[in-house]
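Student: One file: my_file.cif (mmCIF, C-alpha atoms; chains and numbers go by the auth columns).
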```
data_my_file
#
loop_
_atom_site.group_PDB
_atom_site.id
_atom_site.type_symbol
_atom_site.label_atom_id
_atom_site.label_comp_id
_atom_site.label_asym_id
_atom_site.label_seq_id
_atom_site.Cartn_x
_atom_site.Cartn_y
_atom_site.Cartn_z
_atom_site.B_iso_or_equiv
_atom_site.auth_seq_id
_atom_site.auth_asym_id
ATOM 1 C CA MET A 1 -12.032 1.892 52.221 0.00 412 X
ATOM 2 C CA ALA A 2 -9.698 0.549 49.561 0.00 413 X
ATOM 3 C CA PHE A 3 -8.210 -2.024 51.940 0.00 414 X
ATOM 4 C CA ASN A 4 -11.685 -3.490 52.426 0.00 415 X
ATOM 5 C CA GLY A 5 -11.880 -4.062 48.704 0.00 416 X
ATOM 6 C CA LEU A 6 -8.729 -6.157 48.944 0.00 417 X
ATOM 7 C CA GLY A 7 -10.238 -8.146 51.793 0.00 418 X
ATOM 8 C CA ILE A 8 -7.754 -6.720 54.271 0.00 419 X
ATOM 9 C CA ARG A 9 -8.878 -5.673 57.730 0.00 420 X
ATOM 10 C CA LEU A 10 -7.081 -2.718 59.303 0.00 421 X
ATOM 11 C CA VAL A 11 -6.483 -2.839 63.028 0.00 422 X
ATOM 12 C CA ALA A 12 -4.780 -0.079 65.013 0.00 423 X
ATOM 13 C CA ILE A 13 -3.222 -0.825 68.411 0.00 424 X
ATOM 14 C CA SER A 14 -1.894 1.604 71.005 0.00 425 X
ATOM 15 C CA VAL A 15 -1.796 2.142 74.752 0.00 426 X
ATOM 16 C CA ASP A 16 -4.583 4.717 74.449 0.00 427 X
ATOM 17 C CA ALA A 17 -7.754 4.000 76.429 0.00 428 X
ATOM 18 C CA PRO A 18 -10.844 2.977 74.401 0.00 429 X
ATOM 19 C CA GLU A 19 -12.479 6.366 74.964 0.00 430 X
ATOM 20 C CA VAL A 20 -9.373 8.191 73.687 0.00 431 X
ATOM 21 C CA SER A 21 -9.384 6.064 70.520 0.00 432 X
ATOM 22 C CA ALA A 22 -13.137 6.542 70.158 0.00 433 X
ATOM 23 C CA GLU A 23 -12.595 10.288 70.222 0.00 434 X
ATOM 24 C CA LEU A 24 -9.819 9.987 67.643 0.00 435 X
ATOM 25 C CA CYS A 25 -12.048 7.889 65.361 0.00 436 X
ATOM 26 C CA ARG A 26 -14.856 10.385 65.721 0.00 437 X
ATOM 27 C CA LYS A 27 -12.615 13.365 64.931 0.00 438 X
ATOM 28 C CA ALA A 28 -10.609 11.797 62.120 0.00 439 X
ATOM 29 C CA GLY A 29 -13.438 9.700 60.711 0.00 440 X
ATOM 30 C CA TYR A 30 -11.589 6.377 60.960 0.00 441 X
ATOM 31 C CA SER A 31 -13.904 3.419 60.595 0.00 442 X
ATOM 32 C CA TYR A 32 -11.537 0.542 61.307 0.00 443 X
ATOM 33 C CA ALA A 33 -10.864 -1.200 64.598 0.00 444 X
ATOM 34 C CA PHE A 34 -8.881 0.573 67.296 0.00 445 X
ATOM 35 C CA LEU A 35 -7.720 -1.677 70.100 0.00 446 X
ATOM 36 C CA SER A 36 -6.515 -0.550 73.490 0.00 447 X
ATOM 37 C CA ASP A 37 -3.467 -2.082 75.170 0.00 448 X
ATOM 38 C CA PRO A 38 -3.154 0.223 78.211 0.00 449 X
ATOM 39 C CA ASN A 39 -0.476 -1.832 79.986 0.00 450 X
ATOM 40 C CA ALA A 40 1.453 -2.503 76.762 0.00 451 X
ATOM 41 C CA GLU A 41 1.101 -6.282 77.307 0.00 452 X
ATOM 42 C CA VAL A 42 0.502 -7.146 73.664 0.00 453 X
ATOM 43 C CA ILE A 43 2.952 -4.467 72.596 0.00 454 X
ATOM 44 C CA ARG A 44 5.528 -6.234 74.812 0.00 455 X
ATOM 45 C CA ARG A 45 4.562 -9.638 73.373 0.00 456 X
ATOM 46 C CA TYR A 46 5.356 -8.216 69.926 0.00 457 X
ATOM 47 C CA ASP A 47 8.606 -6.710 71.302 0.00 458 X
ATOM 48 C CA LEU A 48 7.546 -3.221 70.264 0.00 459 X
ATOM 49 C CA VAL A 49 7.816 -1.404 73.591 0.00 460 X
ATOM 50 C CA HIS A 50 9.434 1.999 73.420 0.00 461 X
ATOM 51 C CA PRO A 51 10.352 2.391 77.105 0.00 462 X
ATOM 52 C CA GLY A 52 9.435 5.812 78.431 0.00 463 X
ATOM 53 C CA GLY A 53 8.498 6.966 74.941 0.00 464 X
ATOM 54 C CA GLY A 54 5.215 8.547 75.986 0.00 465 X
ATOM 55 C CA VAL A 55 4.738 12.240 76.675 0.00 466 X
ATOM 56 C CA ASN A 56 4.770 11.565 80.425 0.00 467 X
ATOM 57 C CA GLY A 57 7.406 8.855 80.248 0.00 468 X
ATOM 58 C CA GLN A 58 4.997 5.933 79.853 0.00 469 X
ATOM 59 C CA ASP A 59 5.943 2.804 77.964 0.00 470 X
ATOM 60 C CA ILE A 60 4.292 3.022 74.559 0.00 471 X
ATOM 61 C CA ALA A 61 4.482 1.217 71.226 0.00 472 X
ATOM 62 C CA ARG A 62 7.064 2.140 68.646 0.00 473 X
ATOM 63 C CA PRO A 63 5.334 2.553 65.283 0.00 474 X
ATOM 64 C CA ALA A 64 5.197 -0.790 63.446 0.00 475 X
ATOM 65 C CA GLU A 65 3.025 -2.364 60.786 0.00 476 X
ATOM 66 C CA PHE A 66 2.428 -6.094 60.217 0.00 477 X
ATOM 67 C CA LEU A 67 0.455 -7.624 57.381 0.00 478 X
ATOM 68 C CA LEU A 68 -0.874 -11.056 58.349 0.00 479 X
ATOM 69 C CA ASP A 69 -2.418 -13.555 55.973 0.00 480 X
ATOM 70 C CA SER A 70 -5.667 -15.319 56.868 0.00 481 X
ATOM 71 C CA SER A 71 -3.772 -17.944 58.869 0.00 482 X
ATOM 72 C CA GLY A 72 -2.130 -15.246 61.002 0.00 483 X
ATOM 73 C CA VAL A 73 1.335 -15.581 59.454 0.00 484 X
ATOM 74 C CA VAL A 74 3.344 -12.372 58.956 0.00 485 X
ATOM 75 C CA ARG A 75 3.706 -11.666 55.240 0.00 486 X
ATOM 76 C CA TRP A 76 5.027 -8.092 55.364 0.00 487 X
ATOM 77 C CA VAL A 77 6.448 -6.015 58.162 0.00 488 X
ATOM 78 C CA ASN A 78 7.650 -2.449 58.586 0.00 489 X
ATOM 79 C CA LEU A 79 9.685 -1.479 61.633 0.00 490 X
ATOM 80 C CA THR A 80 10.658 2.129 61.193 0.00 491 X
ATOM 81 C CA GLU A 81 14.093 3.305 62.290 0.00 492 X
ATOM 82 C CA ASP A 82 12.746 6.775 63.051 0.00 493 X
ATOM 83 C CA PHE A 83 9.399 7.154 64.755 0.00 494 X
ATOM 84 C CA ARG A 84 8.673 10.272 62.717 0.00 495 X
ATOM 85 C CA VAL A 85 8.763 8.189 59.543 0.00 496 X
ATOM 86 C CA ARG A 86 6.048 5.546 59.233 0.00 497 X
ATOM 87 C CA ALA A 87 4.813 3.327 56.440 0.00 498 X
ATOM 88 C CA THR A 88 2.694 5.315 54.005 0.00 499 X
ATOM 89 C CA PRO A 89 -0.819 4.135 53.086 0.00 500 X
ATOM 90 C CA GLU A 90 0.567 3.520 49.582 0.00 501 X
ATOM 91 C CA GLU A 91 3.297 1.183 50.883 0.00 502 X
ATOM 92 C CA MET A 92 0.787 -0.713 52.989 0.00 503 X
ATOM 93 C CA PHE A 93 -1.661 -0.892 50.094 0.00 504 X
ATOM 94 C CA LYS A 94 1.075 -2.285 47.837 0.00 505 X
ATOM 95 C CA ALA A 95 1.888 -4.955 50.405 0.00 506 X
ATOM 96 C CA ALA A 96 -1.804 -5.775 50.798 0.00 507 X
ATOM 97 C CA LYS A 97 -2.183 -6.138 47.037 0.00 508 X
ATOM 98 C CA ALA A 98 0.829 -8.455 46.910 0.00 509 X
ATOM 99 C CA LEU A 99 -0.903 -10.766 49.378 0.00 510 X
ATOM 100 C CA HIS A 100 -3.378 -11.798 46.680 0.00 511 X
ATOM 101 C CA MET B 1 25.409 62.099 64.261 0.00 774 B
ATOM 102 C CA ARG B 2 23.136 60.073 62.038 0.00 775 B
ATOM 103 C CA LYS B 3 19.675 59.025 63.078 0.00 776 B
ATOM 104 C CA GLN B 4 19.456 55.492 64.454 0.00 777 B
ATOM 105 C CA ARG B 5 17.243 53.212 62.419 0.00 778 B
ATOM 106 C CA TRP B 6 15.344 50.037 63.206 0.00 779 B
ATOM 107 C CA ASN B 7 17.168 46.956 62.030 0.00 780 B
ATOM 108 C CA GLY B 8 14.219 44.828 60.967 0.00 781 B
ATOM 109 C CA PRO B 9 16.005 41.734 59.650 0.00 782 B
ATOM 110 C CA VAL B 10 17.806 41.040 62.932 0.00 783 B
ATOM 111 C CA TRP B 11 14.581 41.278 64.923 0.00 784 B
ATOM 112 C CA LEU B 12 12.595 39.220 62.437 0.00 785 B
ATOM 113 C CA GLY B 13 15.247 36.533 62.135 0.00 786 B
ATOM 114 C CA PHE B 14 14.791 35.320 65.688 0.00 787 B
ATOM 115 C CA PRO B 15 10.983 34.852 65.622 0.00 788 B
ATOM 116 C CA PHE B 16 11.429 33.081 62.303 0.00 789 B
ATOM 117 C CA SER B 17 13.738 30.541 63.915 0.00 790 B
ATOM 118 C CA LEU B 18 11.220 30.042 66.735 0.00 791 B
ATOM 119 C CA LEU B 19 8.487 29.597 64.148 0.00 792 B
ATOM 120 C CA ALA B 20 10.650 27.128 62.243 0.00 793 B
ATOM 121 C CA PHE B 21 11.117 25.096 65.424 0.00 794 B
ATOM 122 C CA MET B 22 7.588 25.190 66.838 0.00 795 B
ATOM 123 C CA SER B 23 5.695 24.706 63.597 0.00 796 B
ATOM 124 C CA TYR B 24 7.065 21.195 63.160 0.00 797 B
ATOM 125 C CA SER B 25 5.266 19.558 66.056 0.00 798 B
ATOM 126 C CA LEU B 26 2.286 21.917 65.862 0.00 799 B
ATOM 127 C CA VAL B 27 1.614 21.703 62.135 0.00 800 B
ATOM 128 C CA PHE B 28 4.000 19.947 59.792 0.00 801 B
ATOM 129 C CA ALA B 29 4.427 16.682 61.722 0.00 802 B
ATOM 130 C CA ARG B 30 0.779 15.964 60.954 0.00 803 B
ATOM 131 C CA PHE B 31 1.385 15.396 57.261 0.00 804 B
ATOM 132 C CA PRO B 32 3.760 12.703 55.977 0.00 805 B
ATOM 133 C CA VAL B 33 4.933 14.946 53.128 0.00 806 B
ATOM 134 C CA THR B 34 6.267 17.563 55.557 0.00 807 B
ATOM 135 C CA ARG B 35 6.992 15.192 58.448 0.00 808 B
ATOM 136 C CA ASN B 36 9.297 12.547 57.008 0.00 809 B
ATOM 137 C CA VAL B 37 11.632 15.187 55.598 0.00 810 B
ATOM 138 C CA PRO B 38 10.962 18.461 57.437 0.00 811 B
ATOM 139 C CA TRP B 39 11.724 20.605 54.401 0.00 812 B
ATOM 140 C CA VAL B 40 9.266 23.384 55.307 0.00 813 B
ATOM 141 C CA ASN B 41 10.999 23.827 58.663 0.00 814 B
ATOM 142 C CA PHE B 42 14.437 23.879 57.070 0.00 815 B
ATOM 143 C CA LEU B 43 13.118 26.471 54.630 0.00 816 B
ATOM 144 C CA LEU B 44 11.928 28.613 57.540 0.00 817 B
ATOM 145 C CA PHE B 45 15.314 28.207 59.244 0.00 818 B
ATOM 146 C CA GLY B 46 16.890 29.280 55.954 0.00 819 B
ATOM 147 C CA ILE B 47 14.768 32.446 55.888 0.00 820 B
ATOM 148 C CA SER B 48 15.738 33.102 59.505 0.00 821 B
ATOM 149 C CA ALA B 49 19.436 32.690 58.696 0.00 822 B
ATOM 150 C CA ALA B 50 19.154 34.990 55.672 0.00 823 B
ATOM 151 C CA LEU B 51 17.422 37.705 57.725 0.00 824 B
ATOM 152 C CA LEU B 52 20.005 37.448 60.494 0.00 825 B
ATOM 153 C CA PHE B 53 22.825 37.577 57.969 0.00 826 B
ATOM 154 C CA LEU B 54 21.409 40.674 56.245 0.00 827 B
ATOM 155 C CA GLY B 55 20.688 42.368 59.556 0.00 828 B
ATOM 156 C CA PHE B 56 24.117 41.704 60.991 0.00 829 B
ATOM 157 C CA ARG B 57 25.795 42.841 57.788 0.00 830 B
ATOM 158 C CA ARG B 58 23.961 46.142 58.153 0.00 831 B
ATOM 159 C CA ILE B 59 25.295 46.498 61.699 0.00 832 B
ATOM 160 C CA LEU B 60 28.846 45.791 60.574 0.00 833 B
ATOM 161 C CA ARG B 61 28.655 48.176 57.637 0.00 834 B
ATOM 162 C CA ASP B 62 26.953 51.079 59.378 0.00 835 B
ATOM 163 C CA VAL B 63 27.064 50.704 63.131 0.00 836 B
ATOM 164 C CA GLN B 64 26.086 54.368 63.653 0.00 837 B
ATOM 165 C CA SER B 65 22.717 53.905 61.947 0.00 838 B
ATOM 166 C CA PHE B 66 22.259 50.350 63.156 0.00 839 B
ATOM 167 C CA PRO B 67 23.719 49.861 66.604 0.00 840 B
ATOM 168 C CA GLY B 68 23.228 46.678 68.562 0.00 841 B
ATOM 169 C CA LYS B 69 26.213 44.552 67.715 0.00 842 B
ATOM 170 C CA THR B 70 26.006 42.750 71.069 0.00 843 B
ATOM 171 C CA VAL B 71 22.255 42.220 70.961 0.00 844 B
ATOM 172 C CA GLY B 72 22.534 41.136 67.329 0.00 845 B
ATOM 173 C CA SER B 73 25.195 38.598 68.259 0.00 846 B
ATOM 174 C CA ILE B 74 23.035 37.222 71.073 0.00 847 B
ATOM 175 C CA VAL B 75 20.028 36.901 68.758 0.00 848 B
ATOM 176 C CA ILE B 76 22.132 35.052 66.206 0.00 849 B
ATOM 177 C CA PHE B 77 23.517 32.751 68.886 0.00 850 B
ATOM 178 C CA LEU B 78 20.011 31.958 70.182 0.00 851 B
ATOM 179 C CA SER B 79 18.688 31.286 66.687 0.00 852 B
ATOM 180 C CA ALA B 80 21.634 29.031 65.902 0.00 853 B
ATOM 181 C CA SER B 81 21.013 27.162 69.159 0.00 854 B
ATOM 182 C CA ILE B 82 17.370 26.602 68.236 0.00 855 B
ATOM 183 C CA PHE B 83 18.500 25.259 64.870 0.00 856 B
ATOM 184 C CA CYS B 84 20.959 22.883 66.572 0.00 857 B
ATOM 185 C CA ILE B 85 18.269 21.561 68.920 0.00 858 B
ATOM 186 C CA PHE B 86 15.964 21.026 65.949 0.00 859 B
ATOM 187 C CA CYS B 87 18.646 19.070 64.101 0.00 860 B
ATOM 188 C CA TYR B 88 19.332 17.009 67.224 0.00 861 B
ATOM 189 C CA VAL B 89 15.650 16.061 67.488 0.00 862 B
ATOM 190 C CA ILE B 90 15.205 15.336 63.787 0.00 863 B
ATOM 191 C CA PHE B 91 18.458 13.501 63.102 0.00 864 B
ATOM 192 C CA HIS B 92 19.042 11.818 66.453 0.00 865 B
ATOM 193 C CA ALA B 93 16.345 11.843 69.134 0.00 866 B
ATOM 194 C CA THR B 94 13.519 10.320 67.079 0.00 867 B
ATOM 195 C CA LYS B 95 15.818 7.482 65.979 0.00 868 B
ATOM 196 C CA GLN B 96 16.404 6.232 69.526 0.00 869 B
ATOM 197 C CA LEU B 97 14.176 3.199 69.242 0.00 870 B
ATOM 198 C CA PRO B 98 14.570 -0.218 70.823 0.00 871 B
ATOM 199 C CA GLY B 99 15.987 -3.062 68.725 0.00 872 B
ATOM 200 C CA SER B 100 12.732 -5.049 68.695 0.00 873 B
ATOM 201 C CA ILE B 101 14.673 -8.171 67.720 0.00 874 B
ATOM 202 C CA GLY B 102 11.857 -10.299 69.118 0.00 875 B
ATOM 203 C CA ALA B 103 9.209 -8.711 66.892 0.00 876 B
ATOM 204 C CA PRO B 104 7.383 -11.196 64.614 0.00 877 B
ATOM 205 C CA LYS B 105 9.237 -11.703 61.354 0.00 878 B
ATOM 206 C CA ILE B 106 8.038 -12.609 57.887 0.00 879 B
ATOM 207 C CA GLY B 107 6.949 -16.245 57.863 0.00 880 B
ATOM 208 C CA GLN B 108 6.325 -16.350 61.609 0.00 881 B
ATOM 209 C CA LYS B 109 2.920 -16.653 63.170 0.00 882 B
ATOM 210 C CA ALA B 110 1.801 -13.438 64.873 0.00 883 B
ATOM 211 C CA PRO B 111 1.269 -13.835 68.651 0.00 884 B
ATOM 212 C CA GLN B 112 -2.348 -14.160 69.735 0.00 885 B
ATOM 213 C CA PHE B 113 -4.002 -11.402 71.708 0.00 886 B
ATOM 214 C CA ALA B 114 -7.353 -10.150 72.945 0.00 887 B
ATOM 215 C CA LEU B 115 -7.832 -6.410 73.513 0.00 888 B
ATOM 216 C CA ARG B 116 -10.723 -4.045 74.060 0.00 889 B
ATOM 217 C CA ASP B 117 -12.038 -2.018 71.141 0.00 890 B
ATOM 218 C CA THR B 118 -13.581 1.473 71.336 0.00 891 B
ATOM 219 C CA GLN B 119 -16.918 -0.059 72.419 0.00 892 B
ATOM 220 C CA GLU B 120 -15.116 -1.895 75.262 0.00 893 B
ATOM 221 C CA ASN B 121 -15.670 -5.281 73.578 0.00 894 B
ATOM 222 C CA SER B 122 -12.854 -7.777 73.826 0.00 895 B
ATOM 223 C CA VAL B 123 -11.532 -8.599 70.346 0.00 896 B
ATOM 224 C CA SER B 124 -9.059 -11.403 69.673 0.00 897 B
ATOM 225 C CA LEU B 125 -6.673 -11.769 66.755 0.00 898 B
ATOM 226 C CA ALA B 126 -8.426 -15.039 65.871 0.00 899 B
ATOM 227 C CA THR B 127 -11.727 -13.138 65.621 0.00 900 B
ATOM 228 C CA LEU B 128 -10.143 -10.413 63.494 0.00 901 B
ATOM 229 C CA LEU B 129 -8.793 -13.071 61.134 0.00 902 B
ATOM 230 C CA SER B 130 -12.059 -14.973 60.818 0.00 903 B
ATOM 231 C CA THR B 131 -14.854 -12.360 60.901 0.00 904 B
ATOM 232 C CA PRO B 132 -16.011 -11.213 57.444 0.00 905 B
ATOM 233 C CA LEU B 133 -15.244 -7.538 56.748 0.00 906 B
ATOM 234 C CA ASP B 134 -18.816 -6.797 55.748 0.00 907 B
ATOM 235 C CA GLN B 135 -21.067 -8.715 58.084 0.00 908 B
ATOM 236 C CA SER B 136 -24.198 -7.334 56.431 0.00 909 B
ATOM 237 C CA ASN B 137 -23.209 -9.209 53.284 0.00 910 B
ATOM 238 C CA PRO B 138 -23.518 -12.961 54.011 0.00 911 B
ATOM 239 C CA SER B 139 -21.903 -13.974 50.730 0.00 912 B
ATOM 240 C CA GLN B 140 -18.628 -12.359 51.786 0.00 913 B
ATOM 241 C CA ARG B 141 -15.875 -14.663 52.878 0.00 914 B
ATOM 242 C CA ASP B 142 -13.359 -14.267 55.657 0.00 915 B
ATOM 243 C CA PRO B 143 -10.781 -11.511 55.266 0.00 916 B
ATOM 244 C CA LYS B 144 -7.711 -12.283 53.182 0.00 917 B
ATOM 245 C CA GLY B 145 -5.557 -10.757 55.863 0.00 918 B
ATOM 246 C CA VAL B 146 -5.206 -8.321 58.704 0.00 919 B
ATOM 247 C CA LEU B 147 -2.973 -5.255 58.790 0.00 920 B
ATOM 248 C CA LEU B 148 -1.879 -4.578 62.367 0.00 921 B
ATOM 249 C CA ILE B 149 -0.806 -0.974 62.856 0.00 922 B
ATOM 250 C CA PHE B 150 0.928 -0.290 66.145 0.00 923 B
ATOM 251 C CA TYR B 151 1.113 3.431 66.881 0.00 924 B
ATOM 252 C CA ARG B 152 2.386 5.642 69.651 0.00 925 B
ATOM 253 C CA GLY B 153 -0.951 6.967 70.869 0.00 926 B
ATOM 254 C CA TYR B 154 -1.576 10.065 73.025 0.00 927 B
ATOM 255 C CA TRP B 155 -2.932 12.095 70.088 0.00 928 B
#
```
Translate this file's structure into structure tokens.
Tutor:
Amino acid sequence: MAFNGLGIRLVAISVDAPEVSAELCRKAGYSYAFLSDPNAEVIRRYDLVHPGGGVNGQDIARPAEFLLDSSGVVRWVNLTEDFRVRATPEEMFKAAKALH
Amino acid sequence: MRKQRWNGPVWLGFPFSLLAFMSYSLVFARFPVTRNVPWVNFLLFGISAALLFLGFRRILRDVQSFPGKTVGSIVIFLSASIFCIFCYVIFHATKQLPGSIGAPKIGQKAPQFALRDTQENSVSLATLLSTPLDQSNPSQRDPKGVLLIFYRGYW
């Protein structure tokens, strides 16, 4: 993937169980890391909880993207105001390029 | 008395508005180009409105050939309601997000975590930041950065 070429690791995080994410990766062909936060603990730590936002009223993550440098410092962030509208791969790629 | 004829536009207008509504979550929300601005759905609503307008105009102009003023009015009301619900969802409901004022900001260190990956292995942020992207290539250095993508899940 192009992000690999920039030395950027992609990591996806949601409340989905590992097997749900595994199925998604298999179907969509994603090769990057998918991490499971079923109780939204990390999502809460990042203050990204969308209370009752899940299809059955579960607490889930609002869409958000953070680009961290190698020391773990946030260098770019996108918190959408509308969960239908997320950062595009192009926007994220631009931010990743700017990290160099 | 003139023969009564089938008023196609009125009857097609309603399914078109249903299609315009349903096709967003079923199809067009999958692609950013039709999701961020739901132009295809608005186009379908436009077609629905045009059909309903043409059909109702027929009724008004020639009610003997095209009866059904009451039913036509109901169909138009239902279609308009579907359009209003769609607008409510698109312009209001999906924007009801928490403030997230405590979310990490530019220049701040991202909070540590350890979560399970799809193989049930525990993976920490520190590991993600320090493990080379291509472990089969020993000359490769640590990643330059990590892009954390939080998403809603339940696909």
Student: Provide the CA of Gly464 (chain X) to CA of Asn489 (chain X) distance in Å, to one decimal place.
Tutor: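 Between these atoms lies a distance of 18.9 Å.
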Student: What does the distance between CA of Phe477 (chain X) and CA of Leu921 (chain B) come to in Å, to one decimal place?
Tutor: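 Rounded to one decimal, the two atoms are 5.0 Å apart.
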Student: Which residues fall under the PyMOL selection byres ((chain B) within 6 of (chain X)) in this file, as a list of chain:residue names?
Tutor: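 Written out, the selection comes to B:Asn809, B:Thr867, B:Lys868, B:Ser873, B:Gly875, B:Ala876, B:Ile879, B:Gly880, B:Gln881, B:Lys882, B:Ala883, B:Leu888, B:Arg889, B:Asp890, B:Thr891, B:Leu902, B:Pro916, B:Lys917, B:Gly918, B:Val919, B:Leu920, B:Leu921, B:Ile922, B:Phe923, B:Tyr924, B:Arg925, B:Gly926.
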Student: One decimal, Å: what's the distance from CA of Phe886 (chain B) over to CA of Leu870 (chain B), could you say?
Tutor: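 Separation of CA of Phe886 (chain B) and CA of Leu870 (chain B): 23.4 Å.
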Student: Determine the nearest neighbour of Glu501 (chain X) from the options B:Gly841, B:Pro905, B:Pro805, B:Gly828, counting all atoms listed in the file.
Tutor: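 Counting all atoms listed in the file, the residue closest to Glu501 (chain X) is B:Pro805.
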Student: List as a PyMOL selection string the protein and nucleic acid residues near Val813 (chain B), meaning an atom at most 12 Å away when all atoms listed in the file are counted, but skip any in the same chain fewer than 5 places from it.
Tutor: chain B and resi 792-797+800-802+804+806-808+818-820
Student: What would the selection look like, as a ChimeraX atom specification, if the PyMOL selection byres ((chain B and resi 783) around 8) were run on the coordinates I just shared?
Tutor: /B:780-782,784-787,824-829,845,848
Student: Specify as a count of residues only each residue included when the PyMOL selection byres ((chain B and resi 859) around 12) is applied to this file.
Tutor: 28
Student: Box in all listed atoms of region 811-830 of chain B, axis-aligned, with 4 Å more on each side; write out centre and edge lengths in Å to one decimal as lines of an AutoDock Vina configuration file.
Tutor:
```
center_x = 17.5
center_y = 30.7
center_z = 57.7
size_x = 24.5
size_y = 32.4
size_z = 14.6
```
Student: Reconstruct all heavy atoms of region 918-924 of chain B from the incomplete input and present them as an mmCIF file, in the coordinates of the input.
Tutor:
```
data_model
loop_
_atom_site.group_PDB
_atom_site.id
_atom_site.type_symbol
_atom_site.label_atom_id
_atom_site.label_comp_id
_atom_site.auth_asym_id
_atom_site.auth_seq_id
_atom_site.Cartn_x
_atom_site.Cartn_y
_atom_site.Cartn_z
ATOM 1 N N GLY B 918 -6.652 -11.049 54.941
ATOM 2 C CA GLY B 918 -5.557 -10.757 55.863
ATOM 3 C C GLY B 918 -5.914 -9.634 56.801
ATOM 4 O O GLY B 918 -6.971 -9.017 56.684
ATOM 5 N N VAL B 919 -5.020 -9.391 57.726
ATOM 6 C CA VAL B 919 -5.206 -8.321 58.704
ATOM 7 C C VAL B 919 -3.938 -7.477 58.721
ATOM 8 O O VAL B 919 -2.820 -8.012 58.720
ATOM 9 C CB VAL B 919 -5.485 -8.906 60.116
ATOM 10 C CG1 VAL B 919 -5.350 -7.838 61.186
ATOM 11 C CG2 VAL B 919 -6.867 -9.541 60.176
ATOM 12 N N LEU B 920 -4.112 -6.164 58.688
ATOM 13 C CA LEU B 920 -2.973 -5.255 58.790
ATOM 14 C C LEU B 920 -2.969 -4.667 60.188
ATOM 15 O O LEU B 920 -3.858 -3.883 60.540
ATOM 16 C CB LEU B 920 -3.082 -4.155 57.729
ATOM 17 C CG LEU B 920 -1.933 -3.156 57.633
ATOM 18 C CD1 LEU B 920 -0.607 -3.835 57.334
ATOM 19 C CD2 LEU B 920 -2.234 -2.113 56.559
ATOM 20 N N LEU B 921 -2.010 -5.099 60.997
ATOM 21 C CA LEU B 921 -1.879 -4.578 62.367
ATOM 22 C C LEU B 921 -1.011 -3.335 62.336
ATOM 23 O O LEU B 921 0.125 -3.370 61.865
ATOM 24 C CB LEU B 921 -1.220 -5.615 63.284
ATOM 25 C CG LEU B 921 -1.948 -6.922 63.543
ATOM 26 C CD1 LEU B 921 -1.097 -7.800 64.464
ATOM 27 C CD2 LEU B 921 -3.317 -6.677 64.166
ATOM 28 N N ILE B 922 -1.552 -2.234 62.829
ATOM 29 C CA ILE B 922 -0.806 -0.974 62.856
ATOM 30 C C ILE B 922 -0.605 -0.566 64.315
ATOM 31 O O ILE B 922 -1.544 -0.142 64.982
ATOM 32 C CB ILE B 922 -1.571 0.130 62.087
ATOM 33 C CG1 ILE B 922 -1.807 -0.311 60.641
ATOM 34 C CG2 ILE B 922 -0.807 1.455 62.153
ATOM 35 C CD1 ILE B 922 -2.787 0.567 59.883
ATOM 36 N N PHE B 923 0.600 -0.754 64.797
ATOM 37 C CA PHE B 923 0.928 -0.290 66.145
ATOM 38 C C PHE B 923 1.330 1.179 66.035
ATOM 39 O O PHE B 923 2.134 1.551 65.175
ATOM 40 C CB PHE B 923 2.081 -1.104 66.737
ATOM 41 C CG PHE B 923 1.694 -2.513 67.108
ATOM 42 C CD1 PHE B 923 1.743 -3.530 66.171
ATOM 43 C CD2 PHE B 923 1.274 -2.813 68.394
ATOM 44 C CE1 PHE B 923 1.378 -4.837 66.505
ATOM 45 C CE2 PHE B 923 0.917 -4.114 68.743
ATOM 46 C CZ PHE B 923 0.964 -5.125 67.795
ATOM 47 N N TYR B 924 0.766 2.006 66.923
ATOM 48 C CA TYR B 924 1.113 3.431 66.881
ATOM 49 C C TYR B 924 1.317 3.951 68.289
ATOM 50 O O TYR B 924 0.943 3.311 69.269
ATOM 51 C CB TYR B 924 0.060 4.235 66.105
ATOM 52 C CG TYR B 924 -1.293 4.333 66.765
ATOM 53 C CD1 TYR B 924 -1.684 5.506 67.412
ATOM 54 C CD2 TYR B 924 -2.172 3.270 66.749
ATOM 55 C CE1 TYR B 924 -2.929 5.611 68.015
ATOM 56 C CE2 TYR B 924 -3.417 3.361 67.353
ATOM 57 C CZ TYR B 924 -3.786 4.525 67.979
ATOM 58 O OH TYR B 924 -5.008 4.622 68.589
#
```
